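Here's my_file-v6.cif, which has mmCIF, C-alpha atoms:
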```cif
data_coords
loop_
_atom_site.label_atom_id
_atom_site.label_comp_id
_atom_site.auth_asym_id
_atom_site.auth_seq_id
_atom_site.Cartn_x
_atom_site.Cartn_y
_atom_site.Cartn_z
CA MET A 1 -14.52 -1.18 79.78
CA ASP A 2 -11.14 -1.39 81.46
CA LYS A 3 -8.48 -3.26 79.57
CA HIS A 4 -6.71 -6.07 81.44
CA PRO A 5 -7.67 -5.13 85.00
CA GLN A 6 -5.40 -6.14 87.85
CA ALA A 7 -5.67 -9.83 88.75
CA ASN A 8 -5.86 -11.20 92.28
CA LEU A 9 -3.95 -14.48 91.99
CA GLU A 10 -5.01 -15.46 95.50
CA LYS A 11 -8.71 -15.63 94.53
CA LYS A 12 -9.34 -18.25 91.86
CA ALA A 13 -12.62 -17.98 89.97
CA GLY A 14 -13.91 -21.45 90.85
CA LEU A 15 -16.51 -23.57 89.10
CA GLY A 16 -19.61 -21.59 90.17
CA LYS A 17 -18.45 -18.20 88.94
CA ARG A 18 -16.95 -19.63 85.78
CA PHE A 19 -20.19 -21.46 85.00
CA ALA A 20 -22.27 -18.32 85.66
CA ALA A 21 -19.99 -16.23 83.44
CA ARG A 22 -20.18 -18.79 80.66
CA PHE A 23 -23.98 -18.85 80.99
CA LEU A 24 -24.15 -15.03 80.69
CA ASP A 25 -21.85 -15.04 77.65
CA GLY A 26 -23.85 -17.85 76.07
CA PHE A 27 -27.05 -15.89 76.65
CA LEU A 28 -25.60 -12.81 74.90
CA ILE A 29 -24.42 -14.87 71.96
CA ALA A 30 -27.78 -16.68 71.77
CA ILE A 31 -29.64 -13.36 71.51
CA VAL A 32 -27.43 -12.23 68.63
CA PHE A 33 -27.72 -15.60 66.89
CA GLY A 34 -31.47 -15.66 67.44
CA ILE A 35 -31.77 -12.36 65.59
CA ILE A 36 -29.46 -13.59 62.81
CA PHE A 37 -31.41 -16.86 62.60
CA PHE A 38 -34.73 -15.09 62.02
CA VAL A 39 -33.27 -12.55 59.61
CA ILE A 40 -31.60 -15.24 57.51
CA GLY A 41 -34.69 -17.41 57.74
CA GLY A 42 -37.01 -14.61 56.66
CA VAL A 43 -34.78 -13.23 53.90
CA GLY A 44 -33.78 -16.69 52.72
CA GLY A 45 -37.38 -17.82 52.66
CA ALA A 46 -38.57 -14.74 50.80
CA ALA A 47 -35.73 -14.96 48.28
CA SER A 48 -36.30 -18.65 47.57
CA GLY A 49 -39.64 -18.00 45.89
CA GLU A 50 -40.80 -21.49 46.81
CA SER A 51 -44.25 -22.32 48.10
CA ASN A 52 -42.63 -23.52 51.34
CA ALA A 53 -40.53 -20.38 51.65
CA ALA A 54 -40.54 -20.39 55.46
CA ILE A 55 -39.22 -23.94 55.59
CA ALA A 56 -36.52 -23.20 53.01
CA GLY A 57 -35.47 -20.06 54.91
CA LEU A 58 -35.36 -21.81 58.25
CA ALA A 59 -33.37 -24.70 56.78
CA GLY A 60 -30.77 -22.23 55.47
CA ALA A 61 -30.69 -20.42 58.80
CA TYR A 62 -30.29 -23.70 60.67
CA LEU A 63 -27.37 -24.71 58.45
CA PHE A 64 -25.73 -21.34 59.09
CA MET A 65 -26.22 -21.77 62.84
CA LEU A 66 -24.81 -25.29 62.82
CA ILE A 67 -21.65 -24.24 61.01
CA GLY A 68 -21.29 -20.63 62.15
CA PHE A 69 -22.12 -20.78 65.86
CA PRO A 70 -18.96 -22.56 67.07
CA PHE A 71 -16.73 -20.17 65.15
CA VAL A 72 -18.57 -17.04 66.31
CA TYR A 73 -18.38 -18.38 69.87
CA PHE A 74 -14.62 -18.90 69.39
CA LEU A 75 -14.12 -15.42 67.93
CA TYR A 76 -16.24 -13.77 70.65
CA HIS A 77 -14.16 -15.28 73.44
CA THR A 78 -10.80 -14.84 71.69
CA ILE A 79 -11.31 -11.18 70.76
CA MET A 80 -12.87 -10.07 74.07
CA GLU A 81 -10.26 -11.87 76.17
CA ALA A 82 -7.28 -10.66 74.13
CA MET A 83 -8.49 -7.06 74.00
CA TYR A 84 -9.89 -6.68 77.53
CA GLY A 85 -8.82 -9.69 79.60
CA TYR A 86 -12.43 -10.78 80.11
CA THR A 87 -15.73 -11.35 78.37
CA PRO A 88 -18.86 -9.40 79.38
CA GLY A 89 -20.01 -12.41 81.43
CA LYS A 90 -16.71 -12.61 83.30
CA HIS A 91 -16.66 -8.83 83.78
CA ALA A 92 -20.16 -8.87 85.29
CA LEU A 93 -18.89 -11.35 87.90
CA GLY A 94 -15.63 -9.51 88.58
CA LEU A 95 -13.42 -12.09 86.88
CA VAL A 96 -10.35 -11.56 84.74
CA ILE A 97 -8.15 -13.84 82.66
CA ALA A 98 -4.47 -13.38 83.39
CA ASP A 99 -1.25 -15.10 82.52
CA GLU A 100 0.12 -17.31 85.27
CA SER A 101 2.17 -14.42 86.71
CA GLY A 102 -0.90 -12.17 86.96
CA GLY A 103 -0.28 -10.03 83.88
CA GLY A 104 -2.58 -9.44 80.95
CA ILE A 105 -2.92 -12.15 78.33
CA THR A 106 -1.72 -11.81 74.75
CA TRP A 107 -3.52 -12.61 71.52
CA VAL A 108 -1.58 -15.87 71.29
CA ASP A 109 -2.62 -16.83 74.86
CA SER A 110 -6.25 -16.13 74.01
CA ILE A 111 -6.14 -18.01 70.72
CA VAL A 112 -4.52 -21.06 72.32
CA ARG A 113 -6.96 -21.24 75.24
CA ASN A 114 -9.93 -20.80 72.93
CA VAL A 115 -8.82 -23.31 70.30
CA PHE A 116 -9.38 -25.86 73.06
CA ARG A 117 -12.85 -24.35 73.62
CA LEU A 118 -13.59 -24.71 69.88
CA ILE A 119 -12.35 -28.31 69.80
CA GLY A 120 -14.34 -29.03 72.95
CA PHE A 121 -17.45 -27.59 71.33
CA PHE A 122 -17.51 -30.54 68.93
CA PHE A 123 -16.96 -33.11 71.70
CA SER A 124 -19.54 -31.88 74.21
CA PRO A 125 -20.55 -32.97 76.85
CA PHE A 126 -17.29 -34.88 77.33
CA SER A 127 -15.18 -31.72 77.06
CA ALA A 128 -17.37 -29.94 79.61
CA LEU A 129 -17.03 -32.84 82.01
CA LEU A 130 -13.25 -32.86 81.51
CA ALA A 131 -13.13 -29.10 82.16
CA VAL A 132 -15.12 -29.47 85.39
CA ILE A 133 -12.89 -32.29 86.60
CA LEU A 134 -9.68 -30.41 85.76
CA ILE A 135 -10.87 -27.20 87.43
CA ALA A 136 -11.92 -29.16 90.52
CA VAL A 137 -8.68 -31.12 90.96
CA ASN A 138 -6.11 -28.60 89.72
CA ASP A 139 -4.61 -26.25 92.34
CA ASP A 140 -4.80 -23.34 89.89
CA GLU A 141 -8.33 -24.33 88.84
CA GLN A 142 -7.38 -24.43 85.16
CA ARG A 143 -9.15 -26.23 82.37
CA LEU A 144 -7.13 -27.77 79.54
CA GLY A 145 -7.25 -24.57 77.46
CA ASP A 146 -5.93 -22.56 80.42
CA MET A 147 -3.06 -25.00 80.88
CA ALA A 148 -2.15 -24.90 77.18
CA GLY A 149 -2.41 -21.09 77.04
CA SER A 150 -0.69 -20.59 80.42
CA THR A 151 -3.69 -18.59 81.63
CA ILE A 152 -5.71 -18.49 84.82
CA VAL A 153 -9.18 -17.15 85.61
CA VAL A 154 -9.22 -15.18 88.87
CA GLU A 155 -11.10 -12.37 90.54
CA GLN A 156 -10.17 -8.79 89.77
CA ALA A 157 -8.00 -7.09 92.37
#
```
Just give me the structure as structure tokens.
Amino acid sequence: MDKHPQANLEKKAGLGKRFAARFLDGFLIAIVFGIIFFVIGGVGGAASGESNAAIAGLAGAYLFMLIGFPFVYFLYHTIMEAMYGYTPGKHALGLVIADESGGGITWVDSIVRNVFRLIGFFFSPFSALLAVILIAVNDDEQRLGDMAGSTIVVEQA
């Protein structure tokens, strides 16, 4: 995987590609969490020793998912974007996250833009609607996290 590929500031990512990239990334994370969910559920259920072991295990796994998923989602995006300039979903669609001058983003840029994603996670679907509106009406097609982090999602050069 190339680190921080060249950005084409003339070609903004747009809603369609950004949505598709987010869907692909969500699918990857869901697979990993699905595996974790069943492992925790099975191990937790077996370790509980209760007659309803499966229910106890699944309840523990569900609690883990409820609390852990937003933070894993945040870490996934923050680490991939800071290290490479894209997530696997964005990379598959030829997208890159750059600073507003077209350079690679820093860890601070990635953290800032993704803190807004984490906050938005708890206010869905309102945050998603706000992101769509901002991307649609903003000349640089930035969501709130992009504006705060001074980042832009564009096609790779």
**Item:** Pick from A:Phe69, A:Phe64, A:Trp107, A:Phe27, whichever lies nearest to Ala82 (chain A) using all atoms listed in the file
**Value:**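 Nearest candidate to Ala82 (chain A) out of A:Phe69, A:Phe64, A:Trp107, A:Phe27: A:Trp107.
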**Message:** What's around region 112-118 of chain A at 9 Å? Count only C-alpha atoms, leave out sequence neighbours fewer than 6 positions away in its own chain, and write the answer as a list in words.
**Reply:**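 What passes the distance filter is Pro70, Phe71, Tyr73, Phe74, Leu75, His77, Thr78, Ser127, Arg143, Leu144, Gly145, Asp146, Met147, Ala148, Gly149, Ser150 and Thr151 of chain A.
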**Prompt:** Which residues fall under the PyMOL selection byres ((chain A and resi 98) around 7) in this file, as JSON, numbers by chain?
**Reply:** {"A": [7, 85, 96, 97, 99, 100, 102, 103, 104, 105, 151, 152, 153]}
Given the selection you just returned, output its residues as a file containing C-alpha atoms, formatted as a compact mmCIF listing (two decimals), keeping the file's coordinate frame.
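Okay, result14.txt is ready:
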```txt
# COMPACT_ATOMS: atom_id res chain seq x y z
CA ALA A 7 -5.67 -9.83 88.75
CA GLY A 85 -8.82 -9.69 79.60
CA VAL A 96 -10.35 -11.56 84.74
CA ILE A 97 -8.15 -13.84 82.66
CA ASP A 99 -1.25 -15.10 82.52
CA GLU A 100 0.12 -17.31 85.27
CA GLY A 102 -0.90 -12.17 86.96
CA GLY A 103 -0.28 -10.03 83.88
CA GLY A 104 -2.58 -9.44 80.95
CA ILE A 105 -2.92 -12.15 78.33
CA THR A 151 -3.69 -18.59 81.63
CA ILE A 152 -5.71 -18.49 84.82
CA VAL A 153 -9.18 -17.15 85.61
```
**Asked** Between A:Val72, A:Pro88, A:Glu81, A:Ser101, which is the closest to Phe121 (chain A) once you count only C-alpha atoms?
**Response** A:Val72
**Message:** Using all atoms listed in the file, can you tell me which of A:Ile36, A:Ala92, A:Ile135, A:Ile79 comes closest to Gln156 (chain A)?
**Reply:**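 Ranking A:Ile36, A:Ala92, A:Ile135, A:Ile79 by distance to Gln156 (chain A), first place goes to A:Ala92.
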**CA of Phe33 (chain A) to CA of Met83 (chain A), distance in Å rounded to a single decimal** =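 The value is 22.2 Å.
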**Request:** Using CA of Gly14 (chain A) and CA of Glu141 (chain A) as the two end points, give the distance in Å to one decimal.
**Result:**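 One can read the CA of Gly14 (chain A) to CA of Glu141 (chain A) distance as 6.6 Å.
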**Prompt:** Between A:Ala157, A:Leu28, A:Leu9, A:Leu58, which is the closest to Gly94 (chain A) once you count all atoms listed in the file?
**Reply:** A:Ala157
Running the PyMOL selection byres ((chain A and resi 19) around 12) on this model by hand, what would come out? Give it as a PDB file with C-alpha atoms, keeping the file's coordinate frame.
```pdb
ATOM      1  CA  ALA A  13     -12.620 -17.980  89.970  1.00  0.00           C
ATOM      2  CA  GLY A  14     -13.910 -21.450  90.850  1.00  0.00           C
ATOM      3  CA  LEU A  15     -16.510 -23.570  89.100  1.00  0.00           C
ATOM      4  CA  GLY A  16     -19.610 -21.590  90.170  1.00  0.00           C
ATOM      5  CA  LYS A  17     -18.450 -18.200  88.940  1.00  0.00           C
ATOM      6  CA  ARG A  18     -16.950 -19.630  85.780  1.00  0.00           C
ATOM      7  CA  ALA A  20     -22.270 -18.320  85.660  1.00  0.00           C
ATOM      8  CA  ALA A  21     -19.990 -16.230  83.440  1.00  0.00           C
ATOM      9  CA  ARG A  22     -20.180 -18.790  80.660  1.00  0.00           C
ATOM     10  CA  PHE A  23     -23.980 -18.850  80.990  1.00  0.00           C
ATOM     11  CA  LEU A  24     -24.150 -15.030  80.690  1.00  0.00           C
ATOM     12  CA  ASP A  25     -21.850 -15.040  77.650  1.00  0.00           C
ATOM     13  CA  GLY A  26     -23.850 -17.850  76.070  1.00  0.00           C
ATOM     14  CA  GLY A  89     -20.010 -12.410  81.430  1.00  0.00           C
ATOM     15  CA  LYS A  90     -16.710 -12.610  83.300  1.00  0.00           C
ATOM     16  CA  LEU A  93     -18.890 -11.350  87.900  1.00  0.00           C
ATOM     17  CA  LEU A  95     -13.420 -12.090  86.880  1.00  0.00           C
ATOM     18  CA  ALA A 128     -17.370 -29.940  79.610  1.00  0.00           C
ATOM     19  CA  ALA A 131     -13.130 -29.100  82.160  1.00  0.00           C
ATOM     20  CA  VAL A 132     -15.120 -29.470  85.390  1.00  0.00           C
ATOM     21  CA  ILE A 135     -10.870 -27.200  87.430  1.00  0.00           C
ATOM     22  CA  VAL A 153      -9.180 -17.150  85.610  1.00  0.00           C
TER      23      VAL A 153
END
```
